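**Q** Dropping in model03.pdb, which is PDB, C-alpha atoms:
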```
ATOM      1  CA  MET A   1     -57.152 -30.970   9.240
ATOM      2  CA  ASP A   2     -57.669 -27.416   8.021
ATOM      3  CA  LEU A   3     -56.941 -25.494   4.833
ATOM      4  CA  HIS A   4     -53.939 -23.693   6.290
ATOM      5  CA  GLN A   5     -52.306 -27.003   7.166
ATOM      6  CA  LEU A   6     -52.974 -28.210   3.632
ATOM      7  CA  ARG A   7     -51.455 -25.048   2.113
ATOM      8  CA  CYS A   8     -48.334 -25.549   4.226
ATOM      9  CA  PHE A   9     -48.095 -29.195   3.174
ATOM     10  CA  VAL A  10     -48.568 -28.395  -0.540
ATOM     11  CA  ALA A  11     -45.905 -25.674  -0.452
ATOM     12  CA  ALA A  12     -43.443 -28.007   1.293
ATOM     13  CA  ALA A  13     -44.289 -30.870  -1.057
ATOM     14  CA  GLU A  14     -43.829 -28.737  -4.172
ATOM     15  CA  GLU A  15     -40.602 -27.115  -3.017
ATOM     16  CA  LEU A  16     -39.201 -30.160  -1.167
ATOM     17  CA  HIS A  17     -37.415 -27.587   0.965
ATOM     18  CA  PHE A  18     -38.902 -26.123   4.140
ATOM     19  CA  GLY A  19     -36.941 -22.871   3.902
ATOM     20  CA  ARG A  20     -38.140 -22.090   0.370
ATOM     21  CA  ALA A  21     -41.677 -23.192   1.179
ATOM     22  CA  ALA A  22     -41.770 -20.958   4.262
ATOM     23  CA  GLN A  23     -40.464 -18.017   2.237
ATOM     24  CA  ARG A  24     -43.154 -18.621  -0.356
ATOM     25  CA  LEU A  25     -45.858 -18.511   2.334
ATOM     26  CA  GLU A  26     -44.227 -15.553   4.131
ATOM     27  CA  MET A  27     -43.779 -17.468   7.389
ATOM     28  CA  LEU A  28     -41.022 -18.982   9.525
ATOM     29  CA  PRO A  29     -39.757 -22.493   8.612
ATOM     30  CA  SER A  30     -40.378 -23.655  12.195
ATOM     31  CA  ALA A  31     -44.040 -22.602  11.950
ATOM     32  CA  LEU A  32     -44.459 -24.344   8.605
ATOM     33  CA  GLY A  33     -42.902 -27.524   9.992
ATOM     34  CA  ARG A  34     -45.267 -27.410  12.959
ATOM     35  CA  PHE A  35     -48.345 -27.210  10.702
ATOM     36  CA  VAL A  36     -47.111 -30.128   8.602
ATOM     37  CA  ARG A  37     -46.562 -32.216  11.749
ATOM     38  CA  LEU A  38     -50.069 -31.329  12.987
ATOM     39  CA  LEU A  39     -51.482 -32.466   9.655
ATOM     40  CA  GLU A  40     -49.598 -35.752   9.920
ATOM     41  CA  GLU A  41     -50.949 -36.237  13.444
ATOM     42  CA  ASP A  42     -54.510 -35.474  12.318
ATOM     43  CA  LEU A  43     -54.284 -37.976   9.470
ATOM     44  CA  GLY A  44     -52.351 -40.568  11.451
ATOM     45  CA  THR A  45     -49.712 -41.083   8.759
ATOM     46  CA  ARG A  46     -46.270 -39.890   7.741
ATOM     47  CA  LEU A  47     -46.446 -37.558   4.732
ATOM     48  CA  MET A  48     -42.799 -36.618   4.387
ATOM     49  CA  THR A  49     -39.408 -38.063   5.152
ATOM     50  CA  ARG A  50     -37.144 -35.294   6.391
ATOM     51  CA  THR A  51     -33.400 -35.387   6.928
ATOM     52  CA  THR A  52     -30.856 -32.598   7.365
ATOM     53  CA  ARG A  53     -30.087 -32.865   3.648
ATOM     54  CA  SER A  54     -33.373 -33.653   1.899
ATOM     55  CA  VAL A  55     -37.153 -33.758   2.016
ATOM     56  CA  THR A  56     -39.061 -36.501   0.169
ATOM     57  CA  LEU A  57     -42.717 -37.480  -0.035
ATOM     58  CA  THR A  58     -43.968 -40.782   1.281
ATOM     59  CA  ASP A  59     -46.524 -42.735  -0.762
ATOM     60  CA  ASP A  60     -49.319 -41.255   1.368
ATOM     61  CA  GLY A  61     -47.812 -37.805   0.897
ATOM     62  CA  ALA A  62     -47.834 -38.158  -2.897
ATOM     63  CA  VAL A  63     -51.500 -39.215  -2.841
ATOM     64  CA  LEU A  64     -52.452 -36.348  -0.528
ATOM     65  CA  LEU A  65     -50.599 -33.784  -2.645
ATOM     66  CA  LYS A  66     -52.811 -34.490  -5.640
ATOM     67  CA  GLU A  67     -56.007 -34.426  -3.578
ATOM     68  CA  ALA A  68     -54.929 -31.354  -1.595
ATOM     69  CA  ARG A  69     -54.251 -29.342  -4.762
ATOM     70  CA  ALA A  70     -57.734 -30.105  -6.031
ATOM     71  CA  LEU A  71     -59.320 -29.301  -2.670
ATOM     72  CA  LEU A  72     -57.478 -25.989  -2.320
ATOM     73  CA  ALA A  73     -58.373 -24.991  -5.875
ATOM     74  CA  GLN A  74     -62.034 -25.727  -5.116
ATOM     75  CA  ALA A  75     -61.834 -23.727  -1.868
ATOM     76  CA  ASP A  76     -60.210 -20.751  -3.643
ATOM     77  CA  THR A  77     -62.868 -20.824  -6.367
ATOM     78  CA  LEU A  78     -65.649 -20.931  -3.768
ATOM     79  CA  ALA A  79     -64.097 -18.060  -1.789
ATOM     80  CA  ALA A  80     -63.734 -15.956  -4.939
ATOM     81  CA  LYS A  81     -67.367 -16.636  -5.851
ATOM     82  CA  PHE A  82     -68.661 -15.391  -2.502
ATOM     83  CA  ARG A  83     -66.318 -12.399  -2.480
ATOM     84  CA  MET A  84     -67.790 -11.359  -5.823
ATOM     85  CA  ARG A  85     -71.336 -11.783  -4.449
ATOM     86  CA  GLY A  86     -70.486  -9.407  -1.643
ATOM     87  CA  ARG A  87     -68.841  -6.957  -4.028
ATOM     88  CA  LYS A  88     -71.976  -6.800  -6.189
ATOM     89  CA  GLN A  89     -73.978  -5.747  -3.146
ATOM     90  CA  ALA A  90     -71.547  -2.969  -2.204
ATOM     91  CA  ALA A  91     -69.083  -1.277  -4.568
ATOM     92  CA  THR A  92     -65.940  -1.514  -2.443
ATOM     93  CA  VAL A  93     -62.292  -2.185  -3.203
ATOM     94  CA  ARG A  94     -59.936  -3.181  -0.398
ATOM     95  CA  VAL A  95     -56.426  -1.925  -1.008
ATOM     96  CA  GLY A  96     -53.305  -2.650   1.009
ATOM     97  CA  ALA A  97     -50.084  -0.665   0.760
ATOM     98  CA  ILE A  98     -46.651  -0.380   2.299
ATOM     99  CA  ASP A  99     -45.778   3.018   3.722
ATOM    100  CA  SER A 100     -43.956   4.135   0.550
ATOM    101  CA  ALA A 101     -46.988   3.512  -1.647
ATOM    102  CA  ALA A 102     -49.420   4.909   0.933
ATOM    103  CA  ALA A 103     -47.486   8.178   1.094
ATOM    104  CA  GLY A 104     -46.244   8.534  -2.474
ATOM    105  CA  LEU A 105     -48.371   6.721  -5.056
ATOM    106  CA  LEU A 106     -51.817   6.141  -3.543
ATOM    107  CA  PRO A 107     -52.893   9.745  -2.868
ATOM    108  CA  MET A 108     -52.540  10.510  -6.591
ATOM    109  CA  LEU A 109     -54.047   7.217  -7.756
ATOM    110  CA  LEU A 110     -57.053   7.386  -5.428
ATOM    111  CA  HIS A 111     -57.665  11.044  -6.294
ATOM    112  CA  ASP A 112     -57.917  10.140  -9.985
ATOM    113  CA  PHE A 113     -59.863   6.935  -9.322
ATOM    114  CA  ARG A 114     -62.514   8.786  -7.326
ATOM    115  CA  LYS A 115     -63.171  11.063 -10.306
ATOM    116  CA  GLN A 116     -63.712   8.045 -12.548
ATOM    117  CA  ARG A 117     -65.582   5.850 -10.043
ATOM    118  CA  PRO A 118     -67.277   8.084  -7.434
ATOM    119  CA  ASP A 119     -69.586   5.159  -6.588
ATOM    120  CA  VAL A 120     -66.738   3.051  -5.182
ATOM    121  CA  THR A 121     -65.617   3.094  -1.567
ATOM    122  CA  VAL A 122     -61.902   2.422  -1.092
ATOM    123  CA  GLN A 123     -60.863   0.707   2.134
ATOM    124  CA  LEU A 124     -57.153   1.252   2.733
ATOM    125  CA  ALA A 125     -54.830  -0.795   4.969
ATOM    126  CA  GLU A 126     -51.206   0.224   5.504
ATOM    127  CA  GLU A 127     -48.842  -2.586   6.496
ATOM    128  CA  LYS A 128     -45.530  -4.247   5.673
ATOM    129  CA  THR A 129     -45.211  -6.514   2.613
ATOM    130  CA  ILE A 130     -44.842  -9.661   4.750
ATOM    131  CA  ARG A 131     -48.254  -8.970   6.314
ATOM    132  CA  LEU A 132     -50.084  -7.730   3.232
ATOM    133  CA  LEU A 133     -49.455 -10.729   0.968
ATOM    134  CA  PRO A 134     -51.095 -13.291   3.324
ATOM    135  CA  ARG A 135     -54.131 -10.987   3.616
ATOM    136  CA  LEU A 136     -54.307 -10.840  -0.173
ATOM    137  CA  LEU A 137     -54.134 -14.633  -0.434
ATOM    138  CA  SER A 138     -56.844 -15.068   2.195
ATOM    139  CA  GLY A 139     -59.211 -12.751   0.306
ATOM    140  CA  ARG A 140     -59.225  -9.964   2.900
ATOM    141  CA  LEU A 141     -57.643  -7.559   0.381
ATOM    142  CA  ASP A 142     -58.278  -7.144  -3.347
ATOM    143  CA  LEU A 143     -55.139  -5.306  -4.418
ATOM    144  CA  VAL A 144     -51.863  -4.495  -2.684
ATOM    145  CA  PHE A 145     -48.863  -2.279  -3.388
ATOM    146  CA  VAL A 146     -45.728  -3.926  -2.037
ATOM    147  CA  ARG A 147     -42.044  -4.653  -2.451
ATOM    148  CA  PRO A 148     -42.012  -7.743  -4.726
ATOM    149  CA  PRO A 149     -40.588 -10.761  -2.814
ATOM    150  CA  GLU A 150     -37.568 -12.675  -4.114
ATOM    151  CA  SER A 151     -39.646 -15.861  -4.411
ATOM    152  CA  PRO A 152     -43.206 -14.744  -5.266
ATOM    153  CA  ASP A 153     -46.131 -17.039  -4.527
ATOM    154  CA  LYS A 154     -47.380 -18.629  -7.751
ATOM    155  CA  ARG A 155     -50.965 -17.860  -6.759
ATOM    156  CA  LEU A 156     -50.281 -14.132  -7.038
ATOM    157  CA  GLU A 157     -49.853 -11.869 -10.051
ATOM    158  CA  PHE A 158     -47.327  -9.020  -9.793
ATOM    159  CA  MET A 159     -47.016  -5.901 -11.942
ATOM    160  CA  PHE A 160     -43.788  -3.961 -11.505
ATOM    161  CA  LEU A 161     -44.455  -0.222 -11.237
ATOM    162  CA  PHE A 162     -41.179   1.662 -10.705
ATOM    163  CA  HIS A 163     -38.092   2.026  -8.538
ATOM    164  CA  GLU A 164     -38.182   4.681  -5.864
ATOM    165  CA  THR A 165     -35.383   7.222  -5.397
ATOM    166  CA  ALA A 166     -33.233   6.869  -2.278
ATOM    167  CA  VAL A 167     -31.957   9.836  -0.268
ATOM    168  CA  VAL A 168     -29.799  10.275   2.820
ATOM    169  CA  ALA A 169     -31.518  11.623   5.941
ATOM    170  CA  LEU A 170     -29.215  13.479   8.328
ATOM    171  CA  SER A 171     -29.460  16.195  10.945
ATOM    172  CA  ASP A 172     -29.310  19.722   9.521
ATOM    173  CA  HIS A 173     -26.102  20.527  11.419
ATOM    174  CA  HIS A 174     -24.311  17.407  10.170
ATOM    175  CA  PRO A 175     -21.068  18.210   8.249
ATOM    176  CA  LEU A 176     -22.551  16.645   5.088
ATOM    177  CA  ALA A 177     -25.923  18.432   5.307
ATOM    178  CA  SER A 178     -24.896  21.261   2.978
ATOM    179  CA  LYS A 179     -23.947  18.962   0.084
ATOM    180  CA  LYS A 180     -26.179  18.467  -2.972
ATOM    181  CA  ARG A 181     -25.183  14.799  -3.320
ATOM    182  CA  ILE A 182     -23.585  12.325  -0.940
ATOM    183  CA  SER A 183     -21.596   9.269  -1.962
ATOM    184  CA  ILE A 184     -21.494   6.007  -0.044
ATOM    185  CA  ALA A 185     -17.777   6.573   0.548
ATOM    186  CA  GLU A 186     -18.620   9.753   2.454
ATOM    187  CA  LEU A 187     -20.848   7.696   4.771
ATOM    188  CA  ALA A 188     -18.158   5.095   5.475
ATOM    189  CA  ASP A 189     -17.599   6.116   9.106
ATOM    190  CA  GLN A 190     -21.131   7.322   9.828
ATOM    191  CA  PRO A 191     -23.413   5.513  12.332
ATOM    192  CA  LEU A 192     -26.337   4.102  10.354
ATOM    193  CA  ILE A 193     -29.977   3.615  11.303
ATOM    194  CA  VAL A 194     -31.603   0.714   9.437
ATOM    195  CA  PRO A 195     -34.795  -1.352   9.776
ATOM    196  CA  GLU A 196     -34.717  -4.999  10.844
ATOM    197  CA  ARG A 197     -34.308  -7.232   7.807
ATOM    198  CA  ARG A 198     -37.072  -9.679   8.804
ATOM    199  CA  SER A 199     -39.749  -6.978   8.729
ATOM    200  CA  ARG A 200     -38.384  -4.741   5.936
ATOM    201  CA  PRO A 201     -35.942  -6.773   3.809
ATOM    202  CA  HIS A 202     -35.790  -4.363   0.852
ATOM    203  CA  SER A 203     -35.126  -1.271   2.956
ATOM    204  CA  HIS A 204     -32.536  -3.111   5.059
ATOM    205  CA  ASP A 205     -30.797  -4.625   2.045
ATOM    206  CA  LEU A 206     -30.707  -1.269   0.241
ATOM    207  CA  THR A 207     -28.214   0.101   2.754
ATOM    208  CA  MET A 208     -26.215  -3.118   3.048
ATOM    209  CA  LYS A 209     -25.905  -3.627  -0.730
ATOM    210  CA  LEU A 210     -24.873  -0.056  -1.428
ATOM    211  CA  PHE A 211     -22.052  -0.324   1.100
ATOM    212  CA  ALA A 212     -21.031  -3.789  -0.128
ATOM    213  CA  GLU A 213     -20.892  -2.579  -3.736
ATOM    214  CA  ALA A 214     -18.634   0.272  -2.631
ATOM    215  CA  GLY A 215     -16.334  -2.223  -0.903
ATOM    216  CA  LEU A 216     -17.270  -0.858   2.512
ATOM    217  CA  GLU A 217     -18.836  -2.278   5.665
ATOM    218  CA  ALA A 218     -21.982  -0.618   6.965
ATOM    219  CA  ARG A 219     -21.609   0.633  10.527
ATOM    220  CA  ILE A 220     -25.053  -0.067  12.002
ATOM    221  CA  ALA A 221     -25.714   1.944  15.145
ATOM    222  CA  GLN A 222     -29.481   1.562  15.552
ATOM    223  CA  ILE A 223     -32.332  -0.706  14.402
ATOM    224  CA  ALA A 224     -35.749   0.910  13.918
ATOM    225  CA  ASP A 225     -38.610  -0.332  11.725
ATOM    226  CA  GLU A 226     -40.921   2.628  11.232
ATOM    227  CA  LYS A 227     -39.879   5.528   9.001
ATOM    228  CA  GLN A 228     -41.137   8.134  11.476
ATOM    229  CA  THR A 229     -39.011   6.567  14.216
ATOM    230  CA  ILE A 230     -35.970   6.513  11.930
ATOM    231  CA  VAL A 231     -36.446  10.184  11.058
ATOM    232  CA  ASN A 232     -36.831  11.107  14.735
ATOM    233  CA  LEU A 233     -33.595   9.279  15.559
ATOM    234  CA  VAL A 234     -31.843  11.171  12.771
ATOM    235  CA  SER A 235     -33.253  14.409  14.189
ATOM    236  CA  ALA A 236     -31.732  13.486  17.570
ATOM    237  CA  ASP A 237     -28.353  13.130  15.808
ATOM    238  CA  LEU A 238     -28.099   9.412  16.606
ATOM    239  CA  GLY A 239     -27.085   8.529  13.057
ATOM    240  CA  VAL A 240     -27.887   8.859   9.387
ATOM    241  CA  ALA A 241     -30.271   6.759   7.283
ATOM    242  CA  ILE A 242     -30.793   5.853   3.632
ATOM    243  CA  VAL A 243     -34.531   6.150   3.019
ATOM    244  CA  PRO A 244     -37.030   6.491   0.136
ATOM    245  CA  LYS A 245     -37.455  10.025  -1.202
ATOM    246  CA  TRP A 246     -41.080  10.252  -0.003
ATOM    247  CA  THR A 247     -39.809  10.207   3.598
ATOM    248  CA  SER A 248     -38.784  13.852   3.134
ATOM    249  CA  ARG A 249     -42.485  14.760   3.364
ATOM    250  CA  MET A 250     -42.576  13.727   7.009
ATOM    251  CA  ALA A 251     -42.719  16.490   9.559
ATOM    252  CA  ALA A 252     -39.436  16.411  11.461
ATOM    253  CA  ARG A 253     -37.442  19.351  12.722
ATOM    254  CA  GLY A 254     -33.732  19.489  12.118
ATOM    255  CA  VAL A 255     -33.579  16.857   9.362
ATOM    256  CA  ARG A 256     -32.108  17.357   5.898
ATOM    257  CA  TYR A 257     -32.538  15.024   2.925
ATOM    258  CA  VAL A 258     -29.691  14.849   0.426
ATOM    259  CA  ARG A 259     -29.708  12.914  -2.841
ATOM    260  CA  LEU A 260     -27.528   9.810  -2.860
ATOM    261  CA  ALA A 261     -24.886   9.633  -5.568
ATOM    262  CA  SER A 262     -24.946   6.103  -6.947
ATOM    263  CA  SER A 263     -24.578   4.525 -10.365
ATOM    264  CA  ASP A 264     -27.411   2.069  -9.715
ATOM    265  CA  MET A 265     -30.391   3.067  -7.605
ATOM    266  CA  ASN A 266     -32.736   0.297  -8.793
ATOM    267  CA  LYS A 267     -33.040  -1.231  -5.330
ATOM    268  CA  LEU A 268     -36.410  -0.003  -4.054
ATOM    269  CA  PRO A 269     -38.939  -1.647  -6.391
ATOM    270  CA  LEU A 270     -42.674  -1.080  -6.000
ATOM    271  CA  ALA A 271     -45.216  -3.489  -7.474
ATOM    272  CA  ALA A 272     -48.969  -4.030  -7.558
ATOM    273  CA  ALA A 273     -50.179  -7.547  -6.678
ATOM    274  CA  TRP A 274     -53.479  -9.410  -6.863
ATOM    275  CA  THR A 275     -54.715 -13.005  -6.821
ATOM    276  CA  ARG A 276     -53.936 -14.786 -10.071
ATOM    277  CA  GLY A 277     -56.879 -15.938 -12.179
ATOM    278  CA  THR A 278     -59.527 -13.827 -10.418
ATOM    279  CA  ARG A 279     -61.864 -11.339 -12.061
ATOM    280  CA  ASP A 280     -62.800  -8.129 -10.293
ATOM    281  CA  PRO A 281     -64.171  -5.229 -12.376
ATOM    282  CA  ILE A 282     -63.462  -2.561  -9.733
ATOM    283  CA  ARG A 283     -59.920  -3.735  -9.083
ATOM    284  CA  ASP A 284     -59.286  -4.042 -12.815
ATOM    285  CA  ASP A 285     -60.541  -0.481 -13.404
ATOM    286  CA  MET A 286     -58.009   0.749 -10.845
ATOM    287  CA  LEU A 287     -55.227  -1.252 -12.497
ATOM    288  CA  GLU A 288     -56.097   0.126 -15.941
ATOM    289  CA  MET A 289     -55.949   3.684 -14.606
ATOM    290  CA  LEU A 290     -52.631   2.885 -12.998
ATOM    291  CA  LYS A 291     -51.210   1.582 -16.285
ATOM    292  CA  ASP A 292     -52.419   4.652 -18.179
ATOM    293  CA  ARG A 293     -50.869   7.143 -15.749
ATOM    294  CA  LEU A 294     -47.909   5.156 -14.460
ATOM    295  CA  SER A 295     -45.202   7.375 -15.959
ATOM    296  CA  HIS A 296     -46.794  10.444 -14.336
ATOM    297  CA  TYR A 297     -47.148   8.747 -10.951
ATOM    298  CA  ALA A 298     -43.540   7.529 -11.075
ATOM    299  CA  ARG A 299     -42.247  11.086 -11.591
ATOM    300  CA  GLU A 300     -44.359  12.521  -8.780
ATOM    301  CA  ALA A 301     -43.829   9.699  -6.262
TER     302      ALA A 301
END
```
For the file at hand, write its structure as structure tokens.
**A**
Amino acid sequence: MDLHQLRCFVAAAEELHFGRAAQRLEMLPSALGRFVRLLEEDLGTRLMTRTTRSVTLTDDGAVLLKEARALLAQADTLAAKFRMRGRKQAATVRVGAIDSAAAGLLPMLLHDFRKQRPDVTVQLAEEKTIRLLPRLLSGRLDLVFVRPPESPDKRLEFMFLFHETAVVALSDHHPLASKKRISIAELADQPLIVPERRSRPHSHDLTMKLFAEAGLEARIAQIADEKQTIVNLVSADLGVAIVPKWTSRMAARGVRYVRLASSDMNKLPLAAAWTRGTRDPIRDDMLEMLKDRLSHYAREA
């Protein structure tokens, strides 16, 4: 029996739904089910009764749920205590960020933070939201800048920052490249380049929702996860892409970025996240600076 198995069991027991529990832990339902089965094998007892329609706790499962919550809380408290001991020995803050935040928000924030706290070393990790949140929960990161998930983990605190502006990336000799604004209707017959939903749900859904709201079907021609790859495909005239405004800073020949005409562009949210109930003076100093200058950062990013 290990802590990860217990976390999987507690999530499943609290949600009584493997799909929701897996989403909460940012993992696949099949993986979560496997960890619960391993826990049952280790303990030699059935913890849950599962059918195609419902999940219920057995008597042993109900007893374990109470004990597991207490054990996990004790483990989290112990981990936080030792993380703080290490932080006192070396003034370091470990920050994770999705590409949008790493390119748009963080350069300004870290520039200002260094002036205020020159004694602090910032360790930066750039990754996707689905990989950053588990690292935050495990204590390997202190603060992350991510797309807020639809079902946030209750152990995490989220602070909404702002919505990013979306633009259309297209080759500079595309018939629409000379326009100042492009509507979704004008993209109706265009081949689209989008990221895979599993790895970048917000970016994928942005394109799909905009087309659905316009009563149109998105014509997906290519799947590509990384923004640089998407821009390169646009440069090769393999399609057009709806991307965050910061993408226009990427070096790519033959690519134009045109503002998207839409009545509602609040579909690319950016949020800061940290572990709920923890105290960290360095992290909190960075958050306070962020709150003070948020309106400025939002305009520039």
**Q** Counting all atoms listed in the file, which residues have an atom no more than 8 Å from (-38.5, -4.3, -6.6) in the file's coordinates? Please list them as a list in words.
**A**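 Within the cut-off we find Arg147, Pro148, Pro149, Phe160, Phe162, His163, His202, Asn266, Lys267, Leu268, Pro269, Leu270 and Ala271 of chain A.
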**Q** Taking into account all atoms listed in the file, which residue in the set A:Leu294, A:Ala236, A:Met289, A:Leu71 is nearest to Gln116 in chain A?
**A** A:Met289
**Q** Which residues fall under the PyMOL selection byres ((chain A and resi 102-104) around 10) in this file, as a list in words?
**A**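 Selected by the PyMOL selection byres ((chain A and resi 102-104) around 10) here: Val95, Gly96, Ala97, Ile98, Asp99, Ser100, Ala101, Leu105, Leu106, Pro107, Met108, Leu109, Leu124, Ala125, Glu126, Glu127, Phe145, Glu164, Pro244, Lys245, Trp246, Thr247, Arg249, Met250, Tyr297, Ala298, Glu300 and Ala301 of chain A.
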**Q** Which residues, named as in the file, does the PyMOL selection byres ((chain A and resi 185) around 12) pick out? Answer as a ChimeraX atom specification.
**A** /A:181-184,186-190,210-218,260-262
**Q** Using all atoms listed in the file, which residue out of A:Leu290, A:Leu233, A:Ala273, A:Met159 lies closest to Arg135 in chain A?
**A**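 Nearest to Arg135 in chain A: A:Ala273.
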**Q** Report the residues retrieved by the PyMOL selection byres ((chain A and resi 41-57) around 10) from the displayed file, expressed as a tab-separated table (two decimals) with C-alpha atoms, in the coordinates of the input.
**A**
```tsv
chain	number	residue	atom	x	y	z
A	1	MET	CA	-57.15	-30.97	9.24
A	2	ASP	CA	-57.67	-27.42	8.02
A	9	PHE	CA	-48.10	-29.20	3.17
A	12	ALA	CA	-43.44	-28.01	1.29
A	13	ALA	CA	-44.29	-30.87	-1.06
A	14	GLU	CA	-43.83	-28.74	-4.17
A	15	GLU	CA	-40.60	-27.12	-3.02
A	16	LEU	CA	-39.20	-30.16	-1.17
A	17	HIS	CA	-37.42	-27.59	0.96
A	18	PHE	CA	-38.90	-26.12	4.14
A	35	PHE	CA	-48.34	-27.21	10.70
A	36	VAL	CA	-47.11	-30.13	8.60
A	37	ARG	CA	-46.56	-32.22	11.75
A	38	LEU	CA	-50.07	-31.33	12.99
A	39	LEU	CA	-51.48	-32.47	9.65
A	40	GLU	CA	-49.60	-35.75	9.92
A	58	THR	CA	-43.97	-40.78	1.28
A	59	ASP	CA	-46.52	-42.74	-0.76
A	60	ASP	CA	-49.32	-41.26	1.37
A	61	GLY	CA	-47.81	-37.80	0.90
A	62	ALA	CA	-47.83	-38.16	-2.90
A	63	VAL	CA	-51.50	-39.22	-2.84
A	64	LEU	CA	-52.45	-36.35	-0.53
A	65	LEU	CA	-50.60	-33.78	-2.64
```
**Q** Nearest residue to Ala177 in chain A out of A:Val234, A:Ala11, A:Val93, A:Val258, using only C-alpha atoms?
**A** A:Val258
